[in-house]
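J.: Questions regarding the structure given below will be posed in turn.
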Amino acid sequence: MDRFLIRGGKPLRGTVPISGSKNAALPILLASILTDEKCFLENVPSLRDIQTVIRLLECIGKKVIRTEGAVEVQSQGKKLAPQVPYSLVSQMRASVLVAGPLLARWGRACFPLPGGCAIGLRPIDLHLFGFAKLGAVIRHRHGDIELTSPKLRGNRIRLPFPSVGATENILMAAVLASGTTAIENAAREPEIADLARCLKQMGADIEGAGTRRIRIRGVLSLRGFKHRTIPDRLEAGTYLLAAAITHGQVRLTRTDPGPLAGLLKKLRRVGCRIRAEKKTGLSLSAPKILRATSIHTRPYPGFPTDLQSPWMALMATARGKCRIQETIFEKRFLHAAELQRMGAKIYVRKDTATVKGVPQLTGAPIMASDIRGGAALVLAALAAKGTSSLQRVYHIDRGYEKMERKLRKLGALIKRIRQ
Ligand code: UD1
C-alpha cells in the first residue's frame with residue numbers, strides 16, 4: 001500500500017488543469033449497457049474507480065478499449081451477463097448503477113447488496129423503490145438482489161430524499177420503459193444533467209434533468225454516443241481549498257465555475273479573492289489570515305458533502321470558531337480524529353463538528369479512510385509544520401487523478417512512497 005510523504009509550509013502557486021468528473025463518467029460508462037452500438041467517452045480521468053467500472057463492463061460481456069483520456073465501449077454481439085461479482089461492488093458502491101441499464105435492456109440484473117462503508121450505512125432502498133414502481137420484481141437471495149421485469153412500465157416516482165445514485169439508476173431504467181416516468185424530488189447534481197445529455201444523444205426523451213422533476217418518455221431502442229465528460233467540480237474545489245490552506249495563489253484551467261458557486265461564496269467569506277476567467281478558468285488568491293466560516297452540507301446546489309472534510313482541514317487553521325454540520329452521510333467525520341493528531345481542535349457531537357482554529361498544525365503519521373477524507377489530510381499536511389506520512393493513499397487514488405504530480409507542479413513537497 002502506497003503512502004504520501006508530505007513536507008508542509010509551502011504556499012501553492014501556479015496553474016492546475018482539472019480532470020473530467022469521476023461521478024459523471026461512472027454512470028455514463030454504464031449507460032453503454034443500454035445499446036449495442038459503439039459508445040465513446042472523452043475527458044475520462046485515470047482513476048481506480050474508472051478501472052473498476054471498466055472491469056465491471058468487461059465482466060458482463062462488453063469490450064472496452066481505454067486510450068489516454070478516453071474510453072470506448074463496444075458490444076461483442078452477445079447477450080450481456082446480468083450478474084455482477086461481489087469483488088467489484090465491494091470496491092466501489094457505484095457498481096450498483098449497473099442495475100438500471102441491465103434491467104431496462106435485458107430485463108434482469110443480479111448484484112450483491114453493498115454493505116455500509118466508512119462514511120455511512122448507505123442503503124439502496126430508494127433505488128429499489130424506483131425499480132419496483134417501474135414494475136420490477138425484487139428478490140433478496142443470500143446477500144444478492146435479483147431484479148426481473150420482462151418490460152418496465154413508466155410511473156410517477158416521488159423520492160423521499162434526492163439521492164444522486166437512485167435518480168441516475170431510475171433514469172437509466174426509465175429511458176427504455178413503456179410510457180412516461182416522472183421522477184419527483186430528483187437529485188439536481190450537475191453529474192445527473194451530464195448523464196441526461198448523453199442519454200438524449202443516444203435518442204432518449206428526457207426533460208428537466210438538473211431540476212427537481214425529471215420527465216422521461218420511454219423509447220424502443222437507443223443509439224451509441226460520443227460524449228465529453230464535464231469537469232470534476234469536486235477535484236476543482238479540493239485544489240481551491242489547497243490553495244487557501246497554504247495561503248497560496250492558484251489558477252484552475254479546464255474547469256466550470258458555475259457548479260462551484262456555493263463553495264466560492266464561502267471561500268470569499270473566509271477572505272479569499274476569486275476571479276473567474278473566461279468560461280473555464282478560475283483563480284484564487286488566499287489571505288494571510290483565514291476567517292472561520294461555518295457550513296452545512298446539503299444536496300446540490302447546497303454545500304457539497306464531498307468538500308466537507310477538506311473544508312474542515314481549512315477551518316482547522318482559520319482564525320476563530322465555526323460549526324460544520326454534515327446532513328448527508330451519518331459517519332463522514334472520520335478525518336476529524338486524524339486532524340486532531342495534527343494538533344487541530346475539533347469537537348464532534350452527532351452531526352456537527354465545532355472547529356476552533358489553531359495558528360499552526362504539525363506534521364504527523366496519519367491515515368486516510370475515504371476519498372475526500374484522504375484529500376482533507378493531504379491539505380492539512382501541506383499546511384502543517386514538519387513532515388506527515390499519509391497511509392492508505394489508495395482511497396485518494398480512487399478519486400483524484402495524479403494528485404501528487406499536480407500538487408508538485410504547484411510547488412508542494414509531496415512524494416509517493418511505493419510499498
Ligand atoms: C453520490 C456521489 C458521492 C456524493 C453523494 C452525495 C457518485 C459516484 N458518488 O453518492 O460522491 O458524496 O452522491 O452527493 O456519484 N440513501 C438512502 N437510500 C438510498 C440511496 C441513498 O438512504 O437508496 C442515503 C445515503 O445513505 C446518504 C444519502 O442518501 O445518506 C445520499 O446518498 P446518495 O445521494 O445516493 O449518494 P451516492 O449516489 O451514493
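Chain labels follow the order of the C-alpha cells: the first chain is A, the next B, and so on; residue numbering restarts at 1 in every chain, and ligands are counted from 1 in their shown order.
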Find the residues around range 121-126 of chain A up to 10 Å (only C-alpha atoms counted), leave out those fewer than 4 positions away in its own chain, and share them as a VMD selection string.
T.: chain A and resid 93 96 113 to 117 130 to 132 158 to 163 165 to 167 169 to 170 329 to 331
J.: Set the distance at 6 Å and use only C-alpha atoms: which residues neighbour Ser285 in chain A once local chain neighbours fewer than 3 positions away are removed? I'd like the list as a list in words.
T.: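 Once the adjacent positions are removed, what remains is Gln249, Cys272 and Arg273 of chain A.
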J.: May I have the residues within 9 Å of Gln308 in chain A as a ChimeraX atom specification, using only C-alpha atoms and disregarding those fewer than 6 positions away in the same chain?
T.: /A:295-297,324-326,332-333,372-373,376
J.: Measuring between only C-alpha atoms and all ligand atoms, which one of A:Gly411, A:Gly237, A:Pro27, A:Pro259 shows the shortest distance to ligand 1?
T.: A:Pro27
J.: Pick out the residues sitting within 8 Å of range 386-397 of chain A, and hand them over as a compact mmCIF listing (two decimals) with N, CA and C atoms, in the first residue's frame; count only C-alpha atoms, and ignore anything fewer than 3 positions along from it in its own chain.
T.:
```txt
# COMPACT_ATOMS: atom_id res chain seq x y z
N MET A 1 0.84 -1.20 0.00
CA MET A 1 0.00 0.00 0.00
C MET A 1 0.87 1.24 0.00
N ASP A 2 0.65 2.12 -1.00
CA ASP A 2 1.47 3.33 -1.11
C ASP A 2 1.14 4.31 0.01
N ARG A 3 2.12 5.17 0.29
CA ARG A 3 1.82 6.29 1.20
C ARG A 3 2.42 7.57 0.63
N PHE A 4 1.93 8.71 1.15
CA PHE A 4 2.46 10.01 0.75
C PHE A 4 3.34 10.53 1.88
N LEU A 5 4.47 11.10 1.50
CA LEU A 5 5.31 11.82 2.45
C LEU A 5 5.18 13.29 2.08
N ILE A 6 4.71 14.09 3.00
CA ILE A 6 4.41 15.50 2.68
C ILE A 6 5.12 16.42 3.66
N ARG A 7 5.93 17.34 3.11
CA ARG A 7 6.53 18.35 3.99
C ARG A 7 5.76 19.65 3.80
N GLY A 8 5.16 20.12 4.87
CA GLY A 8 4.23 21.26 4.76
C GLY A 8 4.89 22.61 4.84
N GLY A 9 4.05 23.64 4.72
CA GLY A 9 4.51 25.01 4.95
C GLY A 9 4.82 25.79 3.71
N LEU A 47 -8.35 6.86 -13.04
CA LEU A 47 -8.59 6.64 -11.61
C LEU A 47 -8.90 5.18 -11.35
N ARG A 48 -8.74 4.80 -10.11
CA ARG A 48 -9.06 3.42 -9.74
C ARG A 48 -10.54 3.08 -9.95
N THR A 362 0.68 20.54 13.01
CA THR A 362 2.02 19.93 12.94
C THR A 362 1.94 18.60 12.22
N GLY A 363 2.98 18.26 11.47
CA GLY A 363 3.03 17.01 10.71
C GLY A 363 2.94 15.81 11.65
N ALA A 364 2.35 14.72 11.15
CA ALA A 364 2.19 13.51 11.98
C ALA A 364 1.96 12.31 11.07
N PRO A 365 2.10 11.09 11.58
CA PRO A 365 1.66 9.91 10.81
C PRO A 365 0.14 9.89 10.82
N ILE A 366 -0.49 9.82 9.66
CA ILE A 366 -1.96 9.89 9.57
C ILE A 366 -2.45 8.86 8.55
N MET A 367 -3.77 8.61 8.58
CA MET A 367 -4.32 7.54 7.73
C MET A 367 -5.62 7.98 7.06
N ALA A 368 -5.72 7.78 5.74
CA ALA A 368 -6.95 8.12 5.01
C ALA A 368 -7.97 6.99 5.21
N SER A 369 -9.26 7.36 5.32
CA SER A 369 -10.27 6.31 5.45
C SER A 369 -11.31 6.36 4.33
N ASP A 370 -11.31 7.42 3.55
CA ASP A 370 -12.17 7.50 2.36
C ASP A 370 -11.58 8.54 1.41
N ILE A 371 -12.17 8.67 0.22
CA ILE A 371 -11.56 9.52 -0.82
C ILE A 371 -11.37 10.96 -0.33
N ARG A 372 -12.48 11.57 0.09
CA ARG A 372 -12.41 13.01 0.43
C ARG A 372 -11.76 13.25 1.78
N GLY A 374 -9.33 11.55 2.83
CA GLY A 374 -7.91 11.44 2.48
C GLY A 374 -7.41 12.76 1.92
N ALA A 375 -8.22 13.38 1.04
CA ALA A 375 -7.82 14.67 0.45
C ALA A 375 -7.68 15.73 1.55
N LEU A 377 -6.74 15.30 4.55
CA LEU A 377 -5.48 15.09 5.27
C LEU A 377 -4.28 15.57 4.45
N VAL A 378 -4.36 15.40 3.13
CA VAL A 378 -3.29 15.94 2.27
C VAL A 378 -3.21 17.46 2.47
N ALA A 381 -1.71 18.39 5.75
CA ALA A 381 -0.27 18.12 5.76
C ALA A 381 0.49 19.19 4.97
N TYR A 400 -8.86 11.05 -7.23
CA TYR A 400 -8.03 12.19 -7.67
C TYR A 400 -6.97 11.73 -8.65
N GLU A 401 -7.04 12.27 -9.87
CA GLU A 401 -6.09 11.87 -10.90
C GLU A 401 -4.74 12.53 -10.62
N LYS A 402 -3.70 11.71 -10.55
CA LYS A 402 -2.31 12.18 -10.40
C LYS A 402 -2.19 13.28 -9.36
N MET A 403 -2.76 13.07 -8.20
CA MET A 403 -2.80 14.16 -7.23
C MET A 403 -1.41 14.66 -6.85
```
J.: Would you work out the distance separating atom 28 (C, counted along the ligand's line) of ligand 1 from CA of Tyr300 in chain A, expressed in Å to one decimal?
T.: 12.0 Å
J.: Mind listing the alpha helix (DSSP H) residues of range 231-278 of chain A, per DSSP on the backbone, as a list of chain:residue names?
T.: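 Of range 231-278 of chain A, the ones in alpha helix (DSSP H) are A:Arg233, A:Leu234, A:Glu235, A:Ala236, A:Gly237, A:Thr238, A:Tyr239, A:Leu240, A:Leu241, A:Ala242, A:Ala243, A:Ala244, A:Ile245, A:Ala261, A:Gly262, A:Leu263, A:Leu264, A:Lys265, A:Lys266, A:Leu267, A:Arg268, A:Arg269, A:Val270.
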J.: If I take CA of Leu290 in chain A and CA of Thr354 in chain A, how far is one from the other in Å, to one decimal?
T.: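 Separation of CA of Leu290 in chain A and CA of Thr354 in chain A: 16.3 Å.
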J.: As a PyMOL selection string, please: the residues near Ser283 in chain A (cut-off 12 Å, only C-alpha atoms, same-chain neighbours under 6 positions excluded).
T.: chain A and resi 13-17+236-237+239-241+243-244+248-257+264+267+272-277
J.: Compare A:Ala177, A:Leu307, A:Leu282, A:Ile245 by their minimum atom-to-atom distance to ligand 1, counting only C-alpha atoms and all ligand atoms, and give me the closest one.
T.: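 Result for the nearest residue to ligand 1: A:Leu307.
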J.: From the set A:Gly77, A:Gly203, A:Gly258, A:Pro299, which residue has the shortest atom-to-atom contact distance to ligand 1, counting only C-alpha atoms and all ligand atoms?
T.: A:Pro299
J.: Which is closer to ligand 1 than all the others in A:Ile138, A:Val84, A:Ala186, A:Val73, using only C-alpha atoms and all ligand atoms?
T.: A:Ala186
J.: So, counting only C-alpha atoms, which residue among A:Ala242, A:Ala81, A:Cys39, A:Met172 is closest to Arg66 in chain A?
T.: A:Cys39
J.: Applying 10 Å and only C-alpha atoms, which residues near Thr181 in chain A remain after dropping the ones on its own chain fewer than 4 positions away? List them as a ChimeraX atom specification.
T.: /A:133-134,153-157,170-171,173-175,177,206,214-218
J.: What gap, in Å, lies between CA of Arg233 in chain A and CA of Gly262 in chain A?
T.: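 Answer for the CA of Arg233 in chain A to CA of Gly262 in chain A separation: 11.3 Å.
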J.: Counting only C-alpha atoms, which residues in range 82-131 of chain A sit no more than 10 Å from range 50-65 of chain A? For each one, give the nearest pair of atoms and the distance in Å, sorted by chain then residue number, as a tab-separated table.
T.:
```
residue	atom	partner	partner_atom	distance
A:Pro82	CA	A:Ile60	CA	6.5
A:Gln83	CA	A:Ile60	CA	6.9
A:Val84	CA	A:Ile60	CA	7.1
A:Pro85	CA	A:Leu56	CA	8.3
A:Ser87	CA	A:Thr52	CA	9.8
A:Leu88	CA	A:Thr52	CA	6.6
A:Val89	CA	A:Leu56	CA	9.0
A:Gln91	CA	A:Thr52	CA	7.7
A:Met92	CA	A:Thr52	CA	7.3
A:Ala94	CA	A:Val53	CA	8.6
A:Ser95	CA	A:Val53	CA	6.9
A:Leu97	CA	A:Val53	CA	9.9
A:Val98	CA	A:Leu56	CA	8.6
A:Leu102	CA	A:Ile60	CA	9.6
```
J.: Just the residues within 7 Å of Ala104 in chain A, please, counting only C-alpha atoms, with nothing from its chain fewer than 3 positions along; format it as a ChimeraX atom specification.
T.: /A:100-101,107,152,173,176-177
